[in-house]
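S.K.: Provided herewith: target-v8.cif, mmCIF, C-alpha atoms.
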data_data
#
loop_
_atom_site.label_atom_id
_atom_site.label_comp_id
_atom_site.auth_asym_id
_atom_site.auth_seq_id
_atom_site.Cartn_x
_atom_site.Cartn_y
_atom_site.Cartn_z
CA MET J 1 -55.44 23.03 -31.88
CA SER J 2 -53.85 24.00 -35.17
CA GLU J 3 -56.58 26.35 -36.47
CA THR J 4 -57.65 29.24 -34.25
CA PRO J 5 -58.57 31.97 -36.71
CA ARG J 6 -59.60 35.36 -35.38
CA ARG J 7 -63.00 35.79 -36.91
CA PRO J 8 -64.71 39.13 -37.26
CA ALA J 9 -67.52 40.36 -35.04
CA PRO J 10 -70.89 38.70 -35.71
CA THR J 11 -71.66 38.77 -39.42
CA GLY J 12 -75.04 39.46 -41.02
CA PRO J 13 -76.05 35.79 -41.15
CA GLU J 14 -74.97 35.31 -37.54
CA TRP J 15 -77.21 38.22 -36.53
CA VAL J 16 -80.07 36.55 -38.45
CA LEU J 17 -79.53 33.28 -36.52
CA PHE J 18 -79.28 35.30 -33.30
CA ALA J 19 -82.59 37.04 -34.05
CA ALA J 20 -84.29 33.69 -34.74
CA ALA J 21 -82.88 32.35 -31.46
CA VAL J 22 -84.17 35.43 -29.60
CA VAL J 23 -87.66 34.84 -31.02
CA LEU J 24 -87.62 31.19 -29.88
CA LEU J 25 -86.32 32.04 -26.39
CA VAL J 26 -88.78 34.92 -25.94
CA ALA J 27 -91.62 32.55 -26.89
CA LEU J 28 -90.34 29.90 -24.47
CA VAL J 29 -89.86 32.33 -21.58
CA GLY J 30 -93.19 33.98 -22.40
CA VAL J 31 -95.08 30.68 -22.14
CA LEU J 32 -93.41 29.89 -18.82
CA LEU J 33 -93.99 33.38 -17.41
CA VAL J 34 -97.66 33.41 -18.38
CA ASP J 35 -98.13 29.92 -16.95
CA TRP J 36 -96.35 30.91 -13.72
CA LEU J 37 -98.12 34.24 -13.20
CA ALA J 38 -101.56 33.33 -14.51
CA ALA J 39 -101.95 29.85 -13.09
CA PRO J 40 -104.08 29.95 -9.95
CA ALA J 41 -102.77 27.97 -7.01
CA GLU J 42 -105.61 25.47 -7.24
CA PRO J 43 -105.22 21.87 -6.20
CA PRO J 44 -105.93 18.97 -8.55
CA ALA J 45 -109.62 18.38 -9.31
CA PHE J 46 -111.11 15.46 -11.15
CA GLU J 47 -113.88 14.91 -13.66
CA LEU J 48 -115.08 11.32 -14.03
CA ARG J 49 -117.11 9.77 -16.85
CA LEU J 50 -118.56 6.31 -16.51
CA ALA J 51 -119.19 4.44 -19.77
CA GLU J 52 -121.81 1.76 -20.35
CA ALA J 53 -120.83 -1.82 -19.61
CA ARG J 54 -119.60 -3.77 -22.64
CA ARG J 55 -119.61 -7.51 -22.98
CA VAL J 56 -116.28 -9.34 -23.27
CA SER J 57 -115.50 -13.05 -23.46
CA ASP J 58 -115.37 -13.62 -19.69
CA GLY J 59 -117.79 -11.00 -18.33
CA TYR J 60 -118.39 -7.26 -18.58
CA HIS J 61 -116.02 -4.29 -18.67
CA VAL J 62 -116.86 -0.74 -17.56
CA ASP J 63 -114.54 2.08 -18.70
CA VAL J 64 -114.03 5.16 -16.55
CA ASP J 65 -112.37 8.27 -18.02
CA VAL J 66 -110.75 10.55 -15.45
CA THR J 67 -109.54 14.07 -16.28
CA ASN J 68 -107.51 16.33 -14.02
CA VAL J 69 -109.34 19.64 -14.44
CA GLY J 70 -107.35 21.32 -11.65
CA ALA J 71 -104.26 23.50 -12.00
CA ALA J 72 -101.79 21.15 -10.29
CA ALA J 73 -100.60 17.65 -11.13
CA ALA J 74 -101.63 14.64 -9.05
CA ALA J 75 -99.89 11.31 -8.45
CA GLU J 76 -101.25 7.90 -7.41
CA VAL J 77 -104.83 8.83 -8.17
CA THR J 78 -107.09 6.07 -6.85
CA ILE J 79 -110.40 5.65 -8.67
CA SER J 80 -112.95 3.65 -6.73
CA VAL J 81 -116.11 2.11 -8.11
CA GLU J 82 -118.88 0.95 -5.79
CA TYR J 83 -121.51 -1.43 -7.09
CA ASP J 84 -124.64 -1.93 -5.03
CA GLU J 85 -126.28 -5.13 -6.24
CA GLY J 86 -129.45 -5.35 -4.21
CA GLY J 87 -127.75 -4.69 -0.90
CA LYS J 88 -124.56 -6.60 -1.75
CA LEU J 89 -121.81 -4.00 -1.99
CA THR J 90 -118.78 -4.55 -4.22
CA GLU J 91 -115.89 -2.06 -4.18
CA LEU J 92 -113.12 -1.99 -6.81
CA ASP J 93 -110.07 0.30 -7.06
CA GLN J 94 -107.78 1.33 -9.91
CA LEU J 95 -104.60 3.42 -9.64
CA VAL J 96 -103.46 6.04 -12.17
CA ALA J 97 -99.77 6.76 -11.58
CA PHE J 98 -99.78 10.40 -12.69
CA LEU J 99 -102.19 13.00 -14.02
CA ALA J 100 -100.93 16.39 -15.21
CA PRO J 101 -103.38 19.31 -15.46
CA ASP J 102 -105.77 18.69 -18.39
CA GLU J 103 -104.50 15.13 -18.76
CA GLU J 104 -106.99 12.29 -19.18
CA ALA J 105 -106.62 8.60 -18.41
CA ARG J 106 -108.91 5.62 -18.87
CA VAL J 107 -109.23 2.75 -16.41
CA THR J 108 -111.38 -0.34 -16.83
CA PHE J 109 -113.27 -2.32 -14.17
CA ALA J 110 -114.22 -5.96 -14.73
CA PHE J 111 -117.47 -7.59 -13.58
CA ASP J 112 -118.65 -11.18 -13.86
CA GLU J 113 -122.28 -10.15 -14.46
CA GLU J 114 -123.65 -7.11 -16.30
CA PRO J 115 -123.82 -4.31 -13.70
CA ASP J 116 -126.98 -2.26 -13.38
CA PRO J 117 -125.95 1.34 -14.24
CA GLY J 118 -128.13 2.65 -11.40
CA GLY J 119 -126.12 0.68 -8.86
CA LEU J 120 -122.72 1.96 -9.98
CA SER J 121 -121.01 4.97 -8.42
CA VAL J 122 -117.48 6.20 -9.11
CA ALA J 123 -115.21 8.63 -7.24
CA VAL J 124 -111.58 9.56 -6.70
CA SER J 125 -110.84 8.22 -3.23
CA SER J 126 -107.25 9.45 -2.84
CA PHE J 127 -104.27 11.09 -4.55
CA ARG J 128 -101.01 12.72 -3.54
CA GLU J 129 -98.97 15.71 -4.68
CA PRO J 130 -96.14 14.55 -6.91
CA MET X 1 -67.48 39.15 -56.03
CA GLN X 2 -69.77 40.49 -53.32
CA GLY X 3 -72.15 37.58 -53.98
CA THR X 4 -69.33 35.07 -53.56
CA PHE X 5 -68.31 36.70 -50.29
CA ASP X 6 -71.88 36.66 -48.99
CA ARG X 7 -72.25 32.99 -49.89
CA GLU X 8 -69.08 32.19 -48.00
CA VAL X 9 -70.26 34.13 -44.94
CA TRP X 10 -73.64 32.38 -45.02
CA ARG X 11 -71.99 28.98 -45.51
CA GLU X 12 -69.81 29.61 -42.47
CA ALA X 13 -72.74 30.74 -40.33
CA VAL X 14 -74.88 27.75 -41.32
CA GLU X 15 -71.95 25.38 -40.74
CA ASP X 16 -71.49 26.86 -37.25
CA ALA X 17 -75.18 26.31 -36.53
CA LEU X 18 -75.07 22.73 -37.86
CA ARG X 19 -71.97 22.03 -35.75
CA GLY X 20 -73.79 23.39 -32.71
CA ILE X 21 -76.80 21.14 -33.38
CA ALA X 22 -74.61 18.09 -34.00
CA GLY X 23 -72.51 18.72 -30.90
CA GLY X 24 -75.58 19.33 -28.79
CA LEU X 25 -77.14 16.06 -29.88
CA LEU X 26 -73.91 14.15 -29.19
CA PHE X 27 -73.93 15.35 -25.59
CA GLY X 28 -77.65 15.67 -25.01
CA VAL X 29 -79.10 12.49 -26.51
CA PRO X 30 -78.86 10.28 -23.35
CA LEU X 31 -81.02 12.77 -21.42
CA LEU X 32 -83.53 12.84 -24.28
CA TYR X 33 -84.07 9.13 -23.52
CA THR X 34 -84.63 9.64 -19.77
CA MET X 35 -88.24 9.46 -18.59
CA GLU X 36 -87.58 11.31 -15.36
CA VAL X 37 -86.66 14.37 -17.43
CA TRP X 38 -89.86 14.02 -19.53
CA TRP X 39 -91.82 13.91 -16.27
CA LEU X 40 -90.19 17.12 -15.08
CA GLY X 41 -92.18 18.83 -17.80
CA GLN X 42 -95.34 17.75 -15.96
CA THR X 43 -94.26 17.89 -12.33
CA ALA X 44 -92.03 20.97 -12.15
CA THR X 45 -93.51 24.43 -11.85
CA SER X 46 -92.93 27.02 -14.58
CA ALA X 47 -91.11 29.18 -12.00
CA HIS X 48 -88.67 26.30 -11.42
CA ALA X 49 -88.23 25.88 -15.19
CA LEU X 50 -87.43 29.58 -15.60
CA ALA X 51 -84.80 29.33 -12.84
CA ALA X 52 -83.38 26.21 -14.52
CA LEU X 53 -83.11 28.06 -17.83
CA VAL X 54 -81.14 30.87 -16.18
CA LEU X 55 -78.92 28.35 -14.37
CA ALA X 56 -78.24 26.48 -17.63
CA ALA X 57 -77.12 29.70 -19.26
CA VAL X 58 -74.41 30.38 -16.64
CA PRO X 59 -72.00 27.49 -17.38
CA LEU X 60 -72.86 27.88 -21.06
CA ALA X 61 -71.73 31.52 -20.96
CA ALA X 62 -68.49 30.48 -19.24
CA LEU X 63 -67.82 27.83 -21.88
CA VAL X 64 -68.67 30.11 -24.79
CA ALA X 65 -66.43 32.84 -23.38
CA GLY X 66 -63.65 30.27 -23.06
CA ILE X 67 -63.93 28.42 -26.37
CA GLY X 68 -67.24 29.19 -28.07
CA PHE X 69 -68.87 27.02 -30.67
CA ARG X 70 -67.84 29.52 -33.34
CA ARG X 71 -64.17 29.22 -32.35
CA ARG X 72 -63.77 32.98 -32.27
CA ALA X 73 -60.59 33.88 -30.40
CA GLY X 74 -60.59 36.83 -27.98
CA MET X 75 -64.33 37.41 -27.88
CA THR X 76 -65.99 40.57 -26.63
CA ALA X 77 -68.95 40.40 -24.25
CA VAL X 78 -71.37 41.15 -27.11
CA GLU X 79 -69.93 38.35 -29.28
CA ALA X 80 -70.13 35.92 -26.36
CA GLY X 81 -73.73 37.00 -25.68
CA VAL X 82 -74.67 36.42 -29.32
CA ASP X 83 -73.12 32.92 -29.19
CA VAL X 84 -74.87 32.02 -25.89
CA VAL X 85 -78.29 33.10 -27.14
CA THR X 86 -77.75 31.38 -30.50
CA ALA X 87 -76.67 28.13 -28.78
CA LEU X 88 -79.77 28.23 -26.55
CA GLY X 89 -82.00 28.94 -29.57
CA LEU X 90 -80.50 26.02 -31.49
CA GLY X 91 -81.11 23.92 -28.40
CA VAL X 92 -84.79 24.88 -28.17
CA LEU X 93 -85.28 24.04 -31.86
CA SER X 94 -83.34 20.75 -31.82
CA VAL X 95 -84.53 19.40 -28.47
CA GLY X 96 -88.12 20.30 -29.37
CA ALA X 97 -87.77 18.51 -32.72
CA VAL X 98 -86.37 15.32 -31.13
CA LEU X 99 -89.11 15.29 -28.47
CA VAL X 100 -91.69 15.58 -31.26
CA VAL X 101 -90.04 12.77 -33.26
CA LEU X 102 -90.03 10.58 -30.12
CA GLN X 103 -93.67 11.59 -29.56
CA ARG X 104 -92.96 12.91 -26.08
CA ILE X 105 -94.53 16.15 -27.37
CA THR X 106 -97.74 15.65 -29.33
CA PRO X 107 -100.60 17.98 -30.32
CA SER X 108 -102.37 16.99 -27.08
CA THR X 109 -99.43 18.02 -24.86
CA PRO X 110 -100.28 21.25 -22.99
CA VAL X 111 -97.97 24.05 -24.22
CA PRO X 112 -96.49 24.85 -20.75
CA VAL X 113 -95.69 21.14 -20.23
CA ALA X 114 -93.89 21.04 -23.62
CA ALA X 115 -92.01 24.25 -22.77
CA ARG X 116 -90.85 22.87 -19.40
CA MET X 117 -89.77 19.58 -20.99
CA VAL X 118 -87.66 21.50 -23.52
CA VAL X 119 -86.04 23.59 -20.78
CA PHE X 120 -84.90 20.57 -18.75
CA GLU X 121 -83.50 18.83 -21.85
CA LEU X 122 -81.80 22.03 -22.96
CA ALA X 123 -78.88 22.27 -20.49
CA PRO X 124 -76.72 19.34 -21.70
CA PHE X 125 -77.60 20.10 -25.30
CA ALA X 126 -76.41 23.71 -25.06
CA LEU X 127 -73.20 22.70 -23.27
CA GLY X 128 -72.57 20.11 -25.99
CA ALA X 129 -73.14 22.74 -28.67
CA ALA X 130 -70.51 24.92 -27.02
CA VAL X 131 -67.78 22.31 -26.51
CA ALA X 132 -68.21 19.76 -29.30
CA GLY X 133 -66.47 21.78 -31.99
CA GLU X 134 -63.41 22.12 -29.79
CA VAL X 135 -63.43 18.52 -28.51
CA PHE X 136 -63.86 16.84 -31.87
CA ALA X 137 -61.52 19.17 -33.69
CA ARG X 138 -58.81 18.24 -31.20
CA THR X 139 -59.60 14.57 -31.37
CA SER X 140 -59.49 14.61 -35.14
CA ASP X 141 -56.25 16.54 -35.12
CA ARG X 142 -54.74 13.82 -32.94
CA ALA X 143 -56.11 11.10 -35.22
CA ARG X 144 -54.77 12.87 -38.31
CA GLY X 145 -51.35 13.20 -36.69
CA LYS X 146 -51.37 9.51 -35.86
CA ASN X 147 -52.31 8.56 -39.43
CA ALA X 148 -49.67 10.86 -40.85
CA GLY X 149 -47.06 9.09 -38.75
CA SER X 150 -48.10 5.60 -39.76
CA GLY X 151 -48.56 6.24 -43.46
CA ALA X 152 -51.67 5.95 -45.61
CA VAL X 153 -54.20 3.34 -44.61
CA GLY X 154 -55.24 0.82 -47.21
CA ARG X 155 -58.72 0.49 -48.68
CA GLY X 156 -59.59 -2.51 -46.53
CA ASP X 157 -58.05 -0.96 -43.42
CA GLY X 158 -60.18 2.18 -43.85
CA THR X 159 -63.37 0.13 -44.11
CA VAL X 160 -62.50 -2.03 -41.11
CA ALA X 161 -61.57 1.05 -39.10
CA ASP X 162 -64.89 2.74 -39.94
CA VAL X 163 -66.92 -0.37 -39.12
CA ALA X 164 -65.06 -0.84 -35.83
CA ALA X 165 -65.42 2.85 -34.92
CA THR X 166 -69.15 2.80 -35.70
CA VAL X 167 -69.75 -0.33 -33.61
CA MET X 168 -67.68 1.00 -30.72
CA GLY X 169 -69.26 4.47 -30.80
CA ALA X 170 -72.79 3.06 -31.12
CA SER X 171 -72.17 0.63 -28.26
CA PHE X 172 -70.68 3.38 -26.08
CA VAL X 173 -73.81 5.55 -26.29
CA ALA X 174 -76.44 2.80 -26.51
CA LEU X 175 -75.02 0.76 -23.59
CA ALA X 176 -76.30 3.33 -21.11
CA ILE X 177 -79.79 3.35 -22.62
CA ALA X 178 -80.37 -0.29 -23.67
CA PRO X 179 -81.13 -1.73 -20.18
CA THR X 180 -83.58 1.04 -19.27
CA GLU X 181 -87.37 1.02 -19.37
CA GLU X 182 -87.40 3.99 -21.73
CA VAL X 183 -86.80 1.87 -24.84
CA PRO X 184 -89.85 -0.43 -24.49
CA LEU X 185 -91.88 2.55 -23.23
CA LEU X 186 -91.04 4.65 -26.30
CA ALA X 187 -91.48 1.66 -28.62
CA SER X 188 -94.94 0.90 -27.27
CA GLY X 189 -96.05 4.53 -27.48
CA ILE X 190 -94.71 5.49 -30.88
CA GLU X 191 -97.02 5.32 -33.88
CA ARG X 192 -95.61 3.15 -36.67
CA PRO X 193 -95.39 5.90 -39.34
CA TRP X 194 -93.21 7.92 -36.93
CA LEU X 195 -90.58 5.18 -37.09
CA VAL X 196 -89.85 6.31 -40.66
CA VAL X 197 -89.37 9.85 -39.33
CA LEU X 198 -87.08 8.50 -36.59
CA VAL X 199 -84.95 6.56 -39.10
CA GLY X 200 -84.83 9.62 -41.38
CA ALA X 201 -83.78 11.81 -38.44
CA ALA X 202 -81.01 9.35 -37.50
CA LEU X 203 -79.69 9.31 -41.07
CA ALA X 204 -79.85 13.11 -41.37
CA VAL X 205 -78.18 13.76 -38.01
CA THR X 206 -75.36 11.25 -38.58
CA TYR X 207 -74.69 12.64 -42.08
CA LEU X 208 -74.65 16.10 -40.53
CA ILE X 209 -72.19 15.09 -37.79
CA VAL X 210 -69.72 13.32 -40.07
CA PHE X 211 -69.97 15.24 -43.34
CA SER X 212 -71.61 18.63 -42.91
CA ALA X 213 -70.93 20.06 -39.47
CA GLY X 214 -67.30 20.95 -40.05
CA PHE X 215 -65.91 18.75 -37.27
CA GLY X 216 -62.19 18.05 -37.55
CA ASP X 217 -60.88 16.67 -40.85
CA GLN X 218 -64.20 16.58 -42.67
CA ALA X 219 -62.63 17.29 -46.07
CA HIS X 220 -60.39 14.28 -45.54
CA ARG X 221 -63.44 12.11 -44.79
CA ARG X 222 -65.29 13.40 -47.84
CA HIS X 223 -62.50 13.08 -50.38
CA GLY X 224 -59.30 11.65 -48.95
CA GLN X 225 -60.25 8.36 -47.29
CA GLN X 226 -60.01 4.99 -48.90
CA GLY X 227 -62.36 2.12 -48.21
CA LEU X 228 -65.43 0.36 -49.53
CA LEU X 229 -67.83 2.63 -47.63
CA GLN X 230 -66.26 5.99 -48.32
CA ARG X 231 -69.04 7.58 -50.33
CA PRO X 232 -70.87 9.78 -47.77
CA THR X 233 -74.36 8.42 -48.50
CA THR X 234 -73.20 4.78 -48.57
CA GLU X 235 -71.23 5.23 -45.35
CA THR X 236 -74.22 6.89 -43.65
CA PHE X 237 -76.63 4.09 -44.63
CA VAL X 238 -74.25 1.23 -43.77
CA ALA X 239 -73.29 2.87 -40.48
CA TYR X 240 -76.99 3.25 -39.60
CA LEU X 241 -77.62 -0.44 -40.32
CA LEU X 242 -74.65 -1.33 -38.09
CA SER X 243 -76.08 0.88 -35.34
CA LEU X 244 -79.45 -0.87 -35.73
CA VAL X 245 -77.78 -4.27 -35.33
CA VAL X 246 -75.80 -3.04 -32.30
CA SER X 247 -79.06 -1.73 -30.79
CA GLY X 248 -80.82 -5.07 -31.23
CA ALA X 249 -77.82 -6.96 -29.82
CA LEU X 250 -77.57 -4.74 -26.74
CA LEU X 251 -81.31 -4.97 -26.07
CA TRP X 252 -81.03 -8.77 -26.29
CA PHE X 253 -77.92 -8.75 -24.08
CA PHE X 254 -79.80 -6.87 -21.35
CA ARG X 255 -82.93 -9.04 -21.82
CA ASN X 256 -84.85 -5.93 -22.81
CA LEU X 257 -85.81 -7.14 -26.31
CA SER X 258 -89.39 -8.20 -27.00
CA SER X 259 -89.97 -11.80 -28.08
CA ASP X 260 -92.33 -10.53 -30.80
CA PRO X 261 -90.22 -9.90 -33.95
CA VAL X 262 -92.10 -6.73 -34.99
CA ASP X 263 -91.98 -5.23 -31.48
CA ALA X 264 -88.29 -6.17 -31.26
CA LEU X 265 -87.58 -4.33 -34.53
CA VAL X 266 -89.46 -1.26 -33.29
CA GLN X 267 -87.41 -1.29 -30.07
CA ALA X 268 -84.16 -1.57 -32.05
CA VAL X 269 -85.22 1.36 -34.26
CA VAL X 270 -86.00 3.44 -31.16
CA LEU X 271 -82.53 2.74 -29.71
CA SER X 272 -80.81 3.13 -33.08
CA PHE X 273 -81.21 6.94 -33.00
CA PRO X 274 -78.77 7.52 -30.11
CA ALA X 275 -76.68 4.53 -31.24
CA ALA X 276 -76.24 6.03 -34.72
CA ILE X 277 -75.21 9.35 -33.19
CA GLY X 278 -72.60 7.49 -31.10
CA GLY X 279 -71.43 5.64 -34.21
CA ALA X 280 -70.99 8.92 -36.08
CA ALA X 281 -68.96 10.33 -33.18
CA GLY X 282 -66.84 7.17 -33.27
CA ARG X 283 -66.07 7.64 -36.99
CA LEU X 284 -64.98 11.22 -36.34
CA VAL X 285 -62.02 10.00 -34.32
CA VAL X 286 -60.82 7.45 -36.91
#
Have the structure of the file written as structure tokens, please.
M.R.:
Amino acid sequence: MSETPRRPAPTGPEWVLFAAAVVLLVALVGVLLVDWLAAPAEPPAFELRLAEARRVSDGYHVDVDVTNVGAAAAAEVTISVEYDEGGKLTELDQLVAFLAPDEEARVTFAFDEEPDPGGLSVAVSSFREP
Amino acid sequence: MQGTFDREVWREAVEDALRGIAGGLLFGVPLLYTMEVWWLGQTATSAHALAALVLAAVPLAALVAGIGFRRRAGMTAVEAGVDVVTALGLGVLSVGAVLVVLQRITPSTPVPVAARMVVFELAPFALGAAVAGEVFARTSDRARGKNAGSGAVGRGDGTVADVAATVMGASFVALAIAPTEEVPLLASGIERPWLVVLVGAALAVTYLIVFSAGFGDQAHRRHGQQGLLQRPTTETFVAYLLSLVVSGALLWFFRNLSSDPVDALVQAVVLSFPAAIGGAAGRLVV
């Protein structure tokens, strides 16, 4: 390389950039430290909300919102809906690939006829640690 | 007199920082388009991310001590420490900004998840910030020596060389990203107004790399080159359009381009960001 000047020790502006970098890194490390030390070792936990059925062109759709309210992420979260229609039991599953803590996903179940809300039940039937 | 001196010192410090950002993006952009690294933000623990941050700093410190993005010969430990911390800080700022532009980090992203995502994208960026000044200065020195030996290039030759270098550089970087699922995934997730931000970021970064970051023979590029595209703003815009075309062509080549014209354009814009950065790197060596 033709130009290799010997530059002086860090100048004023370089110290200013250094100070700004320190602030950013301290913030970054601080967030990670707090999350590491304060986060309880709790497994994933799920909150489910079942919406009312809505009519579509070829039947009825029921939305289910699932939120991971636990402290750990979950993968392959299976959401199962059971519909008891006068003794005839229908079971449907939907898979959510990944749910981080506090993350929410929506899945939709399709029915030919309008389901009676009293006959619907929803639960997370399985998941695995990512 | 003092004011003039201060301005010069500030200009040098800002140019160093811009060169660090440009170099970091040149090396780090492929990883910014890798979904497995985005997922690490969600799946890795914060303890793992802290360890990764420390590990990333080790090779960076070795590189900075050896060459340093400020090209300061015979550095002391304090000077090297200042450069390492500054390179990491530039990385946090730049990587975070790109993840926001790509909408991998949004207001709904939990802060620890965003912090972990930044950490895992940071390593190649910081290494790039440390080595790019040296690598591209050397490359440009070689190119300048070659040009000096062959005589001045004509106006048409300069334009053709720039177009060829842009297409080659854009293809070189975009080839590795075009066949992947990340492009349609990003295109489907990005809100339309953000595409303007993405195009603006591509234009700003490529201008920065070629004309403002102090790589190699920048003064020669600004004032000494001949060719139809040699005004910096014109060259930046035309080079971006070329990168956009290259992006669309590569997506089509790998059968990764949507059949819907609007979706196809969005996908090309998404890929044009790394492609434009590659094109800018290509023009540096002409």
S.K.: What is the CA of Leu251 in chain X-CA of Ala174 in chain X distance in Å, reported with one decimal?
M.R.: 9.2 Å
S.K.: Using all atoms listed in the file, which chain J residues lie at most 10 Å away from chain X, written as a ChimeraX atom specification?
M.R.: /J:1-37,39,72-75,98-103,129-130
S.K.: Write the residues of the preceding selection, restricted to C-alpha atoms, as a PDB file, keeping the file's coordinate frame.
M.R.:
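That gives us result_4.pdb:
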ATOM      1  CA  MET J   1     -55.440  23.030 -31.880  1.00  0.00           C
ATOM      2  CA  SER J   2     -53.850  24.000 -35.170  1.00  0.00           C
ATOM      3  CA  GLU J   3     -56.580  26.350 -36.470  1.00  0.00           C
ATOM      4  CA  THR J   4     -57.650  29.240 -34.250  1.00  0.00           C
ATOM      5  CA  PRO J   5     -58.570  31.970 -36.710  1.00  0.00           C
ATOM      6  CA  ARG J   6     -59.600  35.360 -35.380  1.00  0.00           C
ATOM      7  CA  ARG J   7     -63.000  35.790 -36.910  1.00  0.00           C
ATOM      8  CA  PRO J   8     -64.710  39.130 -37.260  1.00  0.00           C
ATOM      9  CA  ALA J   9     -67.520  40.360 -35.040  1.00  0.00           C
ATOM     10  CA  PRO J  10     -70.890  38.700 -35.710  1.00  0.00           C
ATOM     11  CA  THR J  11     -71.660  38.770 -39.420  1.00  0.00           C
ATOM     12  CA  GLY J  12     -75.040  39.460 -41.020  1.00  0.00           C
ATOM     13  CA  PRO J  13     -76.050  35.790 -41.150  1.00  0.00           C
ATOM     14  CA  GLU J  14     -74.970  35.310 -37.540  1.00  0.00           C
ATOM     15  CA  TRP J  15     -77.210  38.220 -36.530  1.00  0.00           C
ATOM     16  CA  VAL J  16     -80.070  36.550 -38.450  1.00  0.00           C
ATOM     17  CA  LEU J  17     -79.530  33.280 -36.520  1.00  0.00           C
ATOM     18  CA  PHE J  18     -79.280  35.300 -33.300  1.00  0.00           C
ATOM     19  CA  ALA J  19     -82.590  37.040 -34.050  1.00  0.00           C
ATOM     20  CA  ALA J  20     -84.290  33.690 -34.740  1.00  0.00           C
ATOM     21  CA  ALA J  21     -82.880  32.350 -31.460  1.00  0.00           C
ATOM     22  CA  VAL J  22     -84.170  35.430 -29.600  1.00  0.00           C
ATOM     23  CA  VAL J  23     -87.660  34.840 -31.020  1.00  0.00           C
ATOM     24  CA  LEU J  24     -87.620  31.190 -29.880  1.00  0.00           C
ATOM     25  CA  LEU J  25     -86.320  32.040 -26.390  1.00  0.00           C
ATOM     26  CA  VAL J  26     -88.780  34.920 -25.940  1.00  0.00           C
ATOM     27  CA  ALA J  27     -91.620  32.550 -26.890  1.00  0.00           C
ATOM     28  CA  LEU J  28     -90.340  29.900 -24.470  1.00  0.00           C
ATOM     29  CA  VAL J  29     -89.860  32.330 -21.580  1.00  0.00           C
ATOM     30  CA  GLY J  30     -93.190  33.980 -22.400  1.00  0.00           C
ATOM     31  CA  VAL J  31     -95.080  30.680 -22.140  1.00  0.00           C
ATOM     32  CA  LEU J  32     -93.410  29.890 -18.820  1.00  0.00           C
ATOM     33  CA  LEU J  33     -93.990  33.380 -17.410  1.00  0.00           C
ATOM     34  CA  VAL J  34     -97.660  33.410 -18.380  1.00  0.00           C
ATOM     35  CA  ASP J  35     -98.130  29.920 -16.950  1.00  0.00           C
ATOM     36  CA  TRP J  36     -96.350  30.910 -13.720  1.00  0.00           C
ATOM     37  CA  LEU J  37     -98.120  34.240 -13.200  1.00  0.00           C
ATOM     38  CA  ALA J  39    -101.950  29.850 -13.090  1.00  0.00           C
ATOM     39  CA  ALA J  72    -101.790  21.150 -10.290  1.00  0.00           C
ATOM     40  CA  ALA J  73    -100.600  17.650 -11.130  1.00  0.00           C
ATOM     41  CA  ALA J  74    -101.630  14.640  -9.050  1.00  0.00           C
ATOM     42  CA  ALA J  75     -99.890  11.310  -8.450  1.00  0.00           C
ATOM     43  CA  PHE J  98     -99.780  10.400 -12.690  1.00  0.00           C
ATOM     44  CA  LEU J  99    -102.190  13.000 -14.020  1.00  0.00           C
ATOM     45  CA  ALA J 100    -100.930  16.390 -15.210  1.00  0.00           C
ATOM     46  CA  PRO J 101    -103.380  19.310 -15.460  1.00  0.00           C
ATOM     47  CA  ASP J 102    -105.770  18.690 -18.390  1.00  0.00           C
ATOM     48  CA  GLU J 103    -104.500  15.130 -18.760  1.00  0.00           C
ATOM     49  CA  GLU J 129     -98.970  15.710  -4.680  1.00  0.00           C
ATOM     50  CA  PRO J 130     -96.140  14.550  -6.910  1.00  0.00           C
TER      51      PRO J 130
END
S.K.: Between CA of Val210 in chain X and CA of Thr159 in chain X, what is the spacing in Å?
M.R.: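 Between CA of Thr159 in chain X and CA of Val210 in chain X the gap is 15.2 Å.
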S.K.: Please enumerate the residues selected by the PyMOL selection byres ((chain X and resi 243-249) around 7) when evaluated against the supplied file, formatted as a PDB file with C-alpha atoms, in the coordinates of the input.
M.R.:
ATOM      1  CA  VAL X 167     -69.750  -0.330 -33.610  1.00  0.00           C
ATOM      2  CA  ALA X 170     -72.790   3.060 -31.120  1.00  0.00           C
ATOM      3  CA  SER X 171     -72.170   0.630 -28.260  1.00  0.00           C
ATOM      4  CA  ALA X 174     -76.440   2.800 -26.510  1.00  0.00           C
ATOM      5  CA  ALA X 239     -73.290   2.870 -40.480  1.00  0.00           C
ATOM      6  CA  TYR X 240     -76.990   3.250 -39.600  1.00  0.00           C
ATOM      7  CA  LEU X 241     -77.620  -0.440 -40.320  1.00  0.00           C
ATOM      8  CA  LEU X 242     -74.650  -1.330 -38.090  1.00  0.00           C
ATOM      9  CA  LEU X 250     -77.570  -4.740 -26.740  1.00  0.00           C
ATOM     10  CA  LEU X 251     -81.310  -4.970 -26.070  1.00  0.00           C
ATOM     11  CA  TRP X 252     -81.030  -8.770 -26.290  1.00  0.00           C
ATOM     12  CA  PHE X 253     -77.920  -8.750 -24.080  1.00  0.00           C
ATOM     13  CA  ALA X 268     -84.160  -1.570 -32.050  1.00  0.00           C
ATOM     14  CA  VAL X 269     -85.220   1.360 -34.260  1.00  0.00           C
ATOM     15  CA  LEU X 271     -82.530   2.740 -29.710  1.00  0.00           C
ATOM     16  CA  SER X 272     -80.810   3.130 -33.080  1.00  0.00           C
ATOM     17  CA  ALA X 275     -76.680   4.530 -31.240  1.00  0.00           C
ATOM     18  CA  ALA X 276     -76.240   6.030 -34.720  1.00  0.00           C
ATOM     19  CA  GLY X 279     -71.430   5.640 -34.210  1.00  0.00           C
TER      20      GLY X 279
END
